[in-house]
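**Q** So that you have it, the file is protein.tsv, and it contains TSV, C-alpha atoms and all ligand atoms:
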chain	number	residue	atom	x	y	z
A	2	MET	CA	6.72	-10.82	2.36
A	3	ASP	CA	7.54	-9.32	5.71
A	4	SER	CA	6.48	-12.22	7.85
A	5	SER	CA	7.11	-10.52	11.20
A	6	LYS	CA	4.24	-8.19	10.39
A	7	TYR	CA	1.90	-11.14	10.48
A	8	GLN	CA	3.38	-12.67	13.59
A	9	VAL	CA	0.66	-13.30	16.14
A	10	LYS	CA	1.58	-12.51	19.73
A	11	PHE	CA	-1.67	-12.53	21.61
A	12	VAL	CA	-4.70	-14.66	20.72
A	13	SER	CA	-8.25	-14.03	21.91
A	14	VAL	CA	-10.68	-16.91	21.65
A	15	VAL	CA	-14.34	-15.82	21.75
A	16	VAL	CA	-17.11	-18.34	22.42
A	17	PRO	CA	-20.84	-17.56	22.70
A	18	VAL	CA	-22.55	-19.76	25.26
A	19	TYR	CA	-26.28	-20.30	25.51
A	20	ASN	CA	-27.51	-23.06	27.80
A	21	GLU	CA	-24.50	-25.28	27.24
A	22	GLU	CA	-23.89	-26.57	30.76
A	23	GLY	CA	-23.38	-30.07	29.39
A	24	CYS	CA	-20.43	-29.14	27.16
A	25	LEU	CA	-18.79	-26.36	29.11
A	26	ASP	CA	-16.43	-28.37	31.30
A	27	GLU	CA	-15.01	-30.28	28.38
A	28	LEU	CA	-14.86	-27.15	26.24
A	29	ILE	CA	-12.93	-25.20	28.85
A	30	GLU	CA	-10.56	-28.04	29.58
A	31	ARG	CA	-9.79	-28.79	25.94
A	32	THR	CA	-9.46	-25.16	24.92
A	33	VAL	CA	-7.21	-24.22	27.83
A	34	LYS	CA	-5.04	-27.27	27.17
A	35	THR	CA	-4.74	-26.48	23.46
A	36	MET	CA	-3.96	-22.83	24.07
A	37	ASP	CA	-1.45	-23.59	26.83
A	38	GLY	CA	0.31	-25.84	24.37
A	39	CYS	CA	0.47	-23.42	21.45
A	40	GLY	CA	3.05	-21.14	22.98
A	41	LYS	CA	1.25	-17.82	22.56
A	42	LYS	CA	-0.18	-15.44	25.04
A	43	TYR	CA	-3.93	-15.89	25.03
A	44	GLU	CA	-7.27	-15.11	26.62
A	45	PHE	CA	-10.32	-17.31	26.37
A	46	ILE	CA	-13.43	-15.14	26.47
A	47	MET	CA	-16.72	-16.89	27.16
A	48	VAL	CA	-19.81	-14.80	26.53
A	49	ASP	CA	-22.85	-16.03	28.38
A	50	ASP	CA	-25.81	-15.13	26.20
A	51	GLY	CA	-28.43	-15.01	28.95
A	52	SER	CA	-28.44	-18.73	29.66
A	53	SER	CA	-31.13	-20.02	31.97
A	54	ASP	CA	-29.12	-23.03	33.12
A	55	ARG	CA	-25.88	-23.15	35.11
A	56	SER	CA	-23.67	-21.90	32.24
A	57	ALA	CA	-23.08	-18.44	33.69
A	58	GLU	CA	-22.13	-19.88	37.06
A	59	MET	CA	-19.73	-22.32	35.44
A	60	ILE	CA	-18.13	-19.53	33.43
A	61	ARG	CA	-17.64	-17.50	36.60
A	62	ALA	CA	-16.06	-20.50	38.29
A	63	ALA	CA	-13.74	-21.13	35.34
A	64	ALA	CA	-12.69	-17.48	35.25
A	65	GLU	CA	-11.66	-17.82	38.86
A	66	LYS	CA	-9.92	-21.14	38.41
A	67	TYR	CA	-7.98	-20.12	35.30
A	68	SER	CA	-7.61	-16.52	36.33
A	69	GLY	CA	-5.79	-14.49	33.70
A	70	ARG	CA	-6.55	-17.01	30.99
A	71	VAL	CA	-10.33	-17.47	31.04
A	72	VAL	CA	-12.48	-14.34	30.93
A	73	GLY	CA	-16.24	-14.39	31.49
A	74	CYS	CA	-18.52	-11.86	29.82
A	75	ILE	CA	-22.05	-12.22	31.13
A	76	LEU	CA	-24.93	-10.65	29.21
A	77	ASN	CA	-28.17	-9.83	31.00
A	78	ARG	CA	-30.41	-11.65	28.54
A	79	ASN	CA	-30.41	-13.64	25.34
A	80	TYR	CA	-29.37	-11.55	22.35
A	81	GLY	CA	-28.54	-14.29	19.84
A	82	GLN	CA	-25.28	-15.87	18.78
A	83	HIS	CA	-23.95	-13.09	16.57
A	84	SER	CA	-24.70	-10.32	19.03
A	85	ALA	CA	-23.04	-12.36	21.77
A	86	ILE	CA	-19.91	-12.71	19.64
A	87	MET	CA	-19.95	-8.95	19.01
A	88	ALA	CA	-20.12	-8.41	22.75
A	89	GLY	CA	-17.06	-10.62	23.10
A	90	PHE	CA	-15.32	-8.68	20.31
A	91	SER	CA	-15.82	-5.45	22.20
A	92	ILE	CA	-13.56	-6.62	25.01
A	93	VAL	CA	-10.85	-8.54	23.14
A	94	ARG	CA	-7.23	-7.57	23.64
A	95	GLY	CA	-5.47	-9.98	21.32
A	96	ASP	CA	-4.15	-9.23	17.84
A	97	LEU	CA	-5.81	-12.33	16.43
A	98	VAL	CA	-9.39	-13.16	17.38
A	99	ILE	CA	-10.78	-16.65	17.01
A	100	THR	CA	-14.48	-17.49	17.21
A	101	LEU	CA	-15.68	-20.94	18.12
A	102	ASP	CA	-18.97	-22.63	19.01
A	103	ALA	CA	-19.44	-23.89	22.53
A	104	ASP	CA	-20.95	-27.21	21.49
A	105	LEU	CA	-17.61	-28.80	20.50
A	106	GLN	CA	-18.79	-29.46	16.96
A	107	ASN	CA	-15.62	-27.70	15.88
A	108	PRO	CA	-12.79	-29.12	17.95
A	109	PRO	CA	-10.71	-26.45	19.76
A	110	GLU	CA	-7.66	-28.53	18.86
A	111	GLU	CA	-7.85	-26.94	15.38
A	112	ILE	CA	-7.05	-23.47	16.73
A	113	PRO	CA	-3.26	-23.71	16.24
A	114	ARG	CA	-3.81	-24.46	12.55
A	115	LEU	CA	-5.90	-21.29	12.24
A	116	ILE	CA	-3.17	-19.29	13.93
A	117	ALA	CA	-0.60	-20.76	11.53
A	118	ALA	CA	-2.78	-19.86	8.54
A	119	ALA	CA	-3.17	-16.30	9.83
A	120	GLU	CA	0.57	-15.98	10.26
A	121	GLU	CA	0.99	-16.80	6.59
A	122	GLY	CA	-0.48	-13.36	5.94
A	123	ASN	CA	-4.25	-13.82	6.03
A	124	ASP	CA	-6.59	-11.34	7.68
A	125	VAL	CA	-9.47	-13.77	7.88
A	126	VAL	CA	-9.15	-17.51	8.08
A	127	GLY	CA	-12.33	-19.39	7.27
A	128	THR	CA	-12.94	-23.08	7.62
A	129	ILE	CA	-14.73	-25.74	5.66
A	130	ARG	CA	-16.35	-28.53	7.59
A	131	GLN	CA	-15.13	-31.93	6.52
A	132	ASN	CA	-17.56	-34.85	6.79
A	133	ARG	CA	-20.15	-32.63	8.31
A	134	GLN	CA	-22.13	-34.31	11.06
A	135	ASP	CA	-25.42	-32.51	10.82
A	136	THR	CA	-28.74	-33.84	9.67
A	137	PHE	CA	-29.41	-34.32	5.97
A	138	PHE	CA	-31.83	-31.43	6.02
A	139	ARG	CA	-29.39	-29.00	7.68
A	140	ARG	CA	-26.63	-29.97	5.26
A	141	TYR	CA	-28.66	-29.38	2.13
A	142	ALA	CA	-30.35	-26.29	3.46
A	143	SER	CA	-26.97	-24.76	4.14
A	144	LYS	CA	-25.65	-25.75	0.70
A	145	VAL	CA	-28.45	-23.78	-0.91
A	146	VAL	CA	-27.86	-20.89	1.47
A	147	ASN	CA	-24.13	-20.85	0.78
A	148	CYS	CA	-24.77	-20.67	-2.96
A	149	ALA	CA	-27.37	-17.92	-2.62
A	150	ALA	CA	-25.15	-15.97	-0.27
A	151	ARG	CA	-22.20	-16.20	-2.62
A	152	ALA	CA	-24.28	-14.96	-5.53
A	153	ALA	CA	-25.95	-12.15	-3.61
A	154	THR	CA	-23.05	-10.83	-1.58
A	155	GLY	CA	-20.20	-11.46	-3.97
A	156	VAL	CA	-18.06	-12.50	-1.03
A	157	ARG	CA	-16.33	-15.73	-1.88
A	158	MET	CA	-16.54	-18.28	0.86
A	159	SER	CA	-17.57	-21.89	0.67
A	160	ASP	CA	-18.96	-22.52	4.13
A	161	TYR	CA	-20.73	-19.63	5.81
A	162	GLY	CA	-22.19	-21.72	8.56
A	163	CYS	CA	-18.97	-22.73	10.24
A	164	MET	CA	-18.11	-20.36	13.05
A	165	LEU	CA	-14.60	-21.59	13.74
A	166	ARG	CA	-12.80	-18.63	12.22
A	167	ALA	CA	-9.92	-16.30	12.83
A	168	TYR	CA	-9.99	-12.53	12.32
A	169	ARG	CA	-7.19	-10.06	12.66
A	170	ARG	CA	-7.79	-7.36	15.22
A	171	PHE	CA	-8.30	-4.60	12.66
A	172	VAL	CA	-11.10	-6.61	11.02
A	173	VAL	CA	-12.77	-6.98	14.40
A	174	GLU	CA	-12.42	-3.25	15.09
A	175	ALA	CA	-14.02	-2.54	11.72
A	176	MET	CA	-16.91	-4.88	12.49
A	177	LEU	CA	-17.47	-3.13	15.80
A	178	LYS	CA	-17.82	0.16	13.94
A	179	CYS	CA	-20.86	-1.19	12.08
A	180	ASN	CA	-23.94	0.06	13.84
A	181	GLU	CA	-26.54	-2.28	12.48
A	182	ARG	CA	-28.51	-4.54	14.76
A	183	SER	CA	-28.65	-7.65	12.59
A	184	THR	CA	-25.28	-8.87	11.51
A	185	PHE	CA	-23.85	-11.99	10.04
A	186	ILE	CA	-20.29	-12.01	11.25
A	187	PRO	CA	-18.50	-14.20	8.68
A	188	VAL	CA	-19.82	-12.12	5.77
A	189	LEU	CA	-19.12	-8.82	7.49
A	190	GLY	CA	-15.63	-9.95	8.44
A	191	ASN	CA	-14.75	-10.93	4.91
A	192	SER	CA	-15.83	-7.57	3.59
A	193	PHE	CA	-13.08	-5.88	5.63
A	194	ALA	CA	-10.29	-8.31	4.85
A	195	ARG	CA	-7.65	-8.14	2.19
A	196	ASN	CA	-6.31	-11.68	2.20
A	197	THR	CA	-8.54	-14.54	3.20
A	198	CYS	CA	-8.11	-18.26	3.07
A	199	GLU	CA	-10.06	-21.32	4.01
A	200	ILE	CA	-8.78	-24.46	5.61
A	201	PRO	CA	-10.57	-27.76	6.08
A	202	VAL	CA	-11.39	-28.68	9.68
A	203	SER	CA	-13.00	-31.70	11.18
A	204	HIS	CA	-16.55	-31.53	12.40
A	205	ALA	CA	-18.08	-33.64	15.13
A	206	GLU	CA	-21.58	-34.33	16.23
A	207	ARG	CA	-23.02	-32.03	18.86
A	208	ALA	CA	-21.72	-33.46	22.12
A	209	VAL	CA	-24.60	-32.66	24.43
A	210	GLY	CA	-27.95	-30.97	24.11
A	211	GLU	CA	-29.72	-29.79	21.00
A	212	SER	CA	-29.07	-27.18	18.38
A	213	LYS	CA	-30.16	-23.81	19.68
A	214	TYR	CA	-31.50	-22.97	16.27
A	215	SER	CA	-35.09	-23.82	15.50
A	216	LEU	CA	-36.15	-23.73	11.86
A	217	TRP	CA	-37.63	-20.31	12.44
A	218	LYS	CA	-34.46	-18.88	13.98
A	219	LEU	CA	-32.51	-20.39	11.09
A	220	ILE	CA	-34.70	-18.73	8.47
A	221	ASN	CA	-34.26	-15.45	10.34
A	222	LEU	CA	-30.51	-15.88	10.30
A	223	GLN	CA	-30.51	-16.47	6.56
A	224	PHE	CA	-32.41	-13.23	6.06
A	225	ASN	CA	-29.77	-11.48	8.13
A	226	LEU	CA	-27.12	-13.00	5.92
A	227	LEU	CA	-28.78	-11.76	2.73
A	228	THR	CA	-29.77	-8.32	3.93
A	229	CYS	CA	-26.44	-7.77	5.63
A	230	MET	CA	-24.65	-7.07	2.37
A	231	THR	CA	-27.27	-6.24	-0.24
A	232	THR	CA	-30.68	-4.84	-0.91
A	233	ILE	CA	-31.09	-7.11	-3.92
A	234	PRO	CA	-34.33	-8.72	-2.70
A	235	LEU	CA	-36.02	-5.31	-2.97
A	236	ARG	CA	-34.78	-4.83	-6.48
A	237	LEU	CA	-36.05	-8.25	-7.53
A	238	LEU	CA	-39.56	-6.87	-7.08
A	239	THR	CA	-38.92	-4.16	-9.66
A	240	TYR	CA	-37.54	-6.69	-12.12
A	241	PHE	CA	-40.52	-8.95	-11.61
A	242	GLY	CA	-42.89	-6.03	-12.14
A	243	ILE	CA	-41.17	-5.06	-15.38
A	244	PHE	CA	-41.37	-8.64	-16.53
A	245	SER	CA	-45.07	-8.92	-15.71
A	246	ALA	CA	-45.97	-5.60	-17.31
A	247	GLY	CA	-43.92	-6.55	-20.38
A	248	CYS	CA	-45.78	-9.84	-20.73
A	249	GLY	CA	-49.12	-8.08	-20.38
A	250	PHE	CA	-48.14	-5.57	-23.02
A	251	LEU	CA	-47.06	-8.27	-25.47
A	252	LEU	CA	-50.24	-10.22	-24.84
A	253	SER	CA	-52.40	-7.19	-25.56
A	254	LEU	CA	-50.46	-6.47	-28.76
A	255	TYR	CA	-51.04	-10.03	-29.84
A	256	ILE	CA	-54.75	-9.78	-29.10
A	257	ILE	CA	-55.10	-6.52	-31.03
A	258	ILE	CA	-53.25	-7.92	-34.03
A	259	ARG	CA	-55.35	-11.07	-34.03
A	260	ARG	CA	-58.45	-8.95	-33.72
A	261	PHE	CA	-57.74	-6.92	-36.84
A	262	ALA	CA	-55.58	-9.20	-38.93
A	263	THR	CA	-57.97	-12.07	-39.21
A	264	GLU	CA	-61.10	-11.58	-41.15
A	265	SER	CA	-63.67	-12.35	-38.54
A	266	GLY	CA	-61.49	-11.19	-35.66
A	267	ASP	CA	-60.68	-14.39	-33.79
A	268	SER	CA	-63.50	-15.13	-31.48
A	269	TRP	CA	-61.20	-15.74	-28.52
A	270	ALA	CA	-59.54	-12.43	-29.11
A	271	GLN	CA	-62.90	-10.75	-29.01
A	272	SER	CA	-64.13	-12.39	-25.88
A	273	GLY	CA	-63.06	-10.27	-22.95
A	274	VAL	CA	-61.24	-12.86	-20.83
A	275	PHE	CA	-57.85	-12.61	-22.48
A	276	THR	CA	-58.11	-8.88	-22.79
A	277	LEU	CA	-58.78	-8.78	-19.10
A	278	PHE	CA	-55.71	-10.93	-18.50
A	279	ALA	CA	-53.56	-8.58	-20.49
A	280	VAL	CA	-54.84	-5.55	-18.65
A	281	MET	CA	-54.36	-7.27	-15.33
A	282	PHE	CA	-50.77	-8.23	-16.10
A	283	VAL	CA	-49.92	-4.69	-17.02
A	284	LEU	CA	-51.59	-3.26	-13.94
A	285	THR	CA	-50.06	-5.65	-11.43
A	286	GLY	CA	-46.73	-5.17	-13.16
A	287	ILE	CA	-46.98	-1.41	-12.71
A	288	GLN	CA	-47.95	-1.87	-9.07
A	289	MET	CA	-44.94	-4.04	-8.47
A	290	ILE	CA	-42.63	-1.58	-10.13
A	291	GLY	CA	-44.14	1.05	-7.84
A	292	ILE	CA	-43.46	-1.04	-4.74
A	293	GLY	CA	-39.99	-1.81	-6.04
A	294	VAL	CA	-39.23	1.90	-6.43
A	295	ILE	CA	-40.38	2.56	-2.87
A	296	GLY	CA	-38.20	-0.40	-1.93
A	297	GLU	CA	-35.20	1.26	-3.57
A	298	TYR	CA	-35.65	4.26	-1.30
A	299	ILE	CA	-36.15	2.07	1.75
A	300	GLY	CA	-33.01	0.20	0.76
A	301	ARG	CA	-31.08	3.45	0.70
A	302	ILE	CA	-32.53	4.50	4.03
A	303	TYR	CA	-31.49	1.11	5.38
A	304	THR	CA	-27.95	1.48	4.13
A	305	ASP	CA	-27.71	4.96	5.61
A	306	VAL	CA	-29.23	4.00	8.92
A	307	ARG	CA	-26.69	1.22	9.30
A	308	ALA	CA	-24.06	3.92	9.00
A	309	ARG	CA	-21.29	1.51	8.17
A	310	PRO	CA	-17.90	3.08	7.75
A	311	ARG	CA	-17.79	4.05	4.11
A	312	TYR	CA	-14.24	2.88	3.70
A	313	PHE	CA	-11.69	1.24	5.81
A	314	ILE	CA	-8.01	2.20	5.74
A	315	GLU	CA	-5.83	-0.75	6.47
A	316	GLU	CA	-2.66	1.27	6.82
A	317	VAL	CA	-1.03	4.47	5.67
A	318	VAL	CA	2.50	4.06	4.37
A	319	GLY	CA	5.30	6.43	3.47
A	320	ARG	CA	4.38	9.40	5.62
A	321	ALA	CA	7.76	10.65	6.72
A	322	GLU	CA	7.69	12.92	9.76
A	323	PRO	CA	4.94	13.71	12.18
A	324	GLU	CA	3.42	17.02	11.15
A	325	ALA	CA	5.55	19.94	12.25
A	326	GLU	CA	4.08	22.09	14.95
A	327	LYS	CA	3.29	25.60	13.93
A	401	LIG	N1	-25.79	-19.48	20.86
A	401	LIG	C1	-25.89	-18.27	21.54
A	401	LIG	N2	-27.10	-17.63	21.60
A	401	LIG	C2	-28.21	-18.14	20.97
A	401	LIG	C3	-28.09	-19.35	20.25
A	401	LIG	C4	-26.88	-19.99	20.21
A	401	LIG	O1	-24.91	-17.78	22.09
A	401	LIG	O2	-29.27	-17.52	21.06
A	401	LIG	C5	-24.49	-20.16	20.80
A	401	LIG	C6	-24.51	-21.60	21.26
A	401	LIG	O3	-24.30	-21.70	22.65
A	401	LIG	C7	-23.36	-22.20	20.48
A	401	LIG	C8	-23.38	-21.41	19.19
A	401	LIG	O4	-24.11	-20.23	19.46
A	401	LIG	O5	-22.12	-21.95	21.11
A	401	LIG	C9	-23.98	-22.20	18.05
A	401	LIG	O6	-25.23	-22.69	18.40
A	401	LIG	P1	-25.72	-24.13	17.93
A	401	LIG	O7	-24.64	-25.14	18.08
A	401	LIG	O8	-26.98	-24.42	18.65
A	401	LIG	O9	-26.03	-23.87	16.41
A	401	LIG	P2	-25.78	-24.87	15.18
A	401	LIG	O10	-24.45	-25.55	15.41
A	401	LIG	O11	-26.91	-25.81	15.22
A	401	LIG	O12	-25.76	-23.96	14.00
A	402	MG	MG	-23.58	-26.39	16.76
Could I get this file's structure written as structure tokens?
Ligand code: UDP
Ligand code: MG

**A**
Amino acid sequence: MDSSKYQVKFVSVVVPVYNEEGCLDELIERTVKTMDGCGKKYEFIMVDDGSSDRSAEMIRAAAEKYSGRVVGCILNRNYGQHSAIMAGFSIVRGDLVITLDADLQNPPEEIPRLIAAAEEGNDVVGTIRQNRQDTFFRRYASKVVNCAARAATGVRMSDYGCMLRAYRRFVVEAMLKCNERSTFIPVLGNSFARNTCEIPVSHAERAVGESKYSLWKLINLQFNLLTCMTTIPLRLLTYFGIFSAGCGFLLSLYIIIRRFATESGDSWAQSGVFTLFAVMFVLTGIQMIGIGVIGEYIGRIYTDVRARPRYFIEEVVGRAEPEAEK
């Protein structure tokens, strides 16, 4: 393998910050120290996602203090973690982009290992949290989500929740070309990568403050994750409708047979309740199929409205001369 092709020269670290005044000083200090020590050119981009505390001020101060190394990107209001990261992506200059949470749950000291993994030829480097320090509920909820996401999106990744990740610049450019409003960056990133790998990283408890995700925001995020790659949930409705209508049909067949096959016509088959059940199953089934079909169209509209690039060329090889001028 041509390893010089994967050599990383300039690293951009992107961190979304939302009301993290308690962690910022330590985050900046540790990240700058790590990056100074790793021997690459770098920029540390902090995106302030409309914080209402002193975060924005602190970012401004840090950008002044570490001028040329720390870059502040201040948003006018709160857009959510993934949009904030996208905003950071839009101004990166490095050839490898690393995302990180501001709360120090993923130690910045792991960044050099991500760079090393990228230099081995990976376009996306994911991470798996070792001895995860979240609550029991969060851990199991995210296990279920990871499984569902893997099944629905077909993108292999064991830990979607961990934001400490590295993306090559071309993957970031491709993500920026996606016009949709609700994105889930790790899934989107993987869909544009050729080689990916995952490395285990340590995970600490949140240093200061509380998780910025309420249960409601978390559920919303999971919907983004699912709908970001597929329209399967819509199709499930059709399948369920077919199943229900099928059951109703079988039930009515059974009732008719019982009615005529047995001498007296089974009394339960004659009484209208079961007949009504059968009819109801068929009708609701048909309704669901109808909604599912409408859903199919909506799904297509959704895919078109997102206007994702239909393909993504990684590189063109073997073209000899620039086209001759006529
Ligand atoms: N964050 C953000 N905007 C938001 C919510 C969160 O930029 O609306 C940032 C937050 O500052 C942190 C990261 O996203 O850097 C992850 O948030 P948090 O640690 O609260 O999430 P959890 O670790 O609980 O998933
Ligand atoms: Mg966190």

**Q** Quick check, in Å to one decimal: how far apart do CA of Ser68 (chain A) and CA of Ala88 (chain A) lie?

**A** 20.2 Å

**Q** Sort by chain and increasing residue number a table of all residues of chain A within 6 Å of ligand LIG 401 (chain A), each with its closest pair of atoms and their distance in Å to one decimal, counting all atoms listed in the file, and write it as a Markdown table.

**A**
| residue | atom | partner | partner_atom | distance |
| --- | --- | --- | --- | --- |
| A:Pro17 | CA | A:LIG401 | O1 | 4.1 |
| A:Val18 | CA | A:LIG401 | O3 | 3.7 |
| A:Tyr19 | CA | A:LIG401 | O3 | 3.7 |
| A:Glu21 | CA | A:LIG401 | O3 | 5.8 |
| A:Asp50 | CA | A:LIG401 | O1 | 5.0 |
| A:Asn79 | CA | A:LIG401 | O2 | 5.9 |
| A:Gly81 | CA | A:LIG401 | O2 | 3.5 |
| A:Gln82 | CA | A:LIG401 | C1 | 3.7 |
| A:Ala85 | CA | A:LIG401 | O1 | 5.7 |
| A:Asp102 | CA | A:LIG401 | O5 | 3.8 |
| A:Ala103 | CA | A:LIG401 | O5 | 3.6 |
| A:Asp104 | CA | A:LIG401 | O5 | 5.4 |
| A:Ser212 | CA | A:LIG401 | O8 | 3.5 |
| A:Lys213 | CA | A:LIG401 | O8 | 3.4 |
| A:Tyr214 | CA | A:LIG401 | O8 | 5.3 |

**Q** Once you count all atoms listed in the file, what closest atom pair and distance in Å to one decimal does each residue of chain A within 12 Å of ligand MG 402 (chain A) have, with rows by chain and rising residue number, as a tab-separated table?

**A**
residue	atom	partner	partner_atom	distance
A:Val16	CA	A:MG402	MG	11.8
A:Pro17	CA	A:MG402	MG	11.0
A:Val18	CA	A:MG402	MG	10.8
A:Tyr19	CA	A:MG402	MG	11.0
A:Glu21	CA	A:MG402	MG	10.6
A:Cys24	CA	A:MG402	MG	11.2
A:Gln82	CA	A:MG402	MG	10.8
A:Leu101	CA	A:MG402	MG	9.7
A:Asp102	CA	A:MG402	MG	6.4
A:Ala103	CA	A:MG402	MG	7.5
A:Asp104	CA	A:MG402	MG	5.5
A:Leu105	CA	A:MG402	MG	7.4
A:Gln106	CA	A:MG402	MG	5.7
A:Asn107	CA	A:MG402	MG	8.1
A:Pro108	CA	A:MG402	MG	11.2
A:Arg130	CA	A:MG402	MG	11.9
A:Arg133	CA	A:MG402	MG	11.1
A:Gln134	CA	A:MG402	MG	9.9
A:Asp135	CA	A:MG402	MG	8.7
A:Thr136	CA	A:MG402	MG	11.5
A:Arg139	CA	A:MG402	MG	11.1
A:Gly162	CA	A:MG402	MG	9.5
A:Cys163	CA	A:MG402	MG	8.8
A:Met164	CA	A:MG402	MG	8.9
A:Leu165	CA	A:MG402	MG	10.6
A:His204	CA	A:MG402	MG	9.7
A:Ala205	CA	A:MG402	MG	9.2
A:Glu206	CA	A:MG402	MG	8.2
A:Arg207	CA	A:MG402	MG	6.0
A:Ala208	CA	A:MG402	MG	9.1
A:Val209	CA	A:MG402	MG	10.0
A:Gly210	CA	A:MG402	MG	9.7
A:Glu211	CA	A:MG402	MG	8.2
A:Ser212	CA	A:MG402	MG	5.8
A:Lys213	CA	A:MG402	MG	7.6
A:Tyr214	CA	A:MG402	MG	8.6
A:Ser215	CA	A:MG402	MG	11.9

**Q** Can you tell me, as a list in words, what residues are no more than 9 Å from Pro310 (chain A) when counting only C-alpha atoms, ignoring any on the same chain fewer than 6 positions away?

**A** Ala175, Lys178 and Cys179 of chain A

**Q** Which residues, written as a list of chain:residue names, have at least one atom at most 9 Å from Gly95 (chain A), with all atoms listed in the file counted and residues fewer than 4 positions away on the same chain left out?

**A**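 Final neighbour list, sorted by chain and number: A:Val9, A:Lys10, A:Phe11, A:Val12, A:Ser13, A:Val14, A:Lys42, A:Tyr43, A:Glu44, A:Arg169, A:Arg170.
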
**Q** If we draw a sphere of 8 Å around (-18.4, -18.4, 27.8), which residues have at least one atom in it when counting only C-alpha atoms? Please report them as a list in words.

**A**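 The distance filter leaves exactly Val15, Val16, Pro17, Val18, Ile46, Met47, Val48, Asp49, Ser56, Ala57, Ile60, Val72, Gly73, Cys74, Ile75 and Ala103 of chain A.
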
**Q** Between A:Val173, A:Ala142, A:Ile129, A:Ala246, single out the one closest to Pro201 (chain A), counting all atoms listed in the file.

**A**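 That would be A:Ile129, the residue with the smallest distance to Pro201 (chain A).
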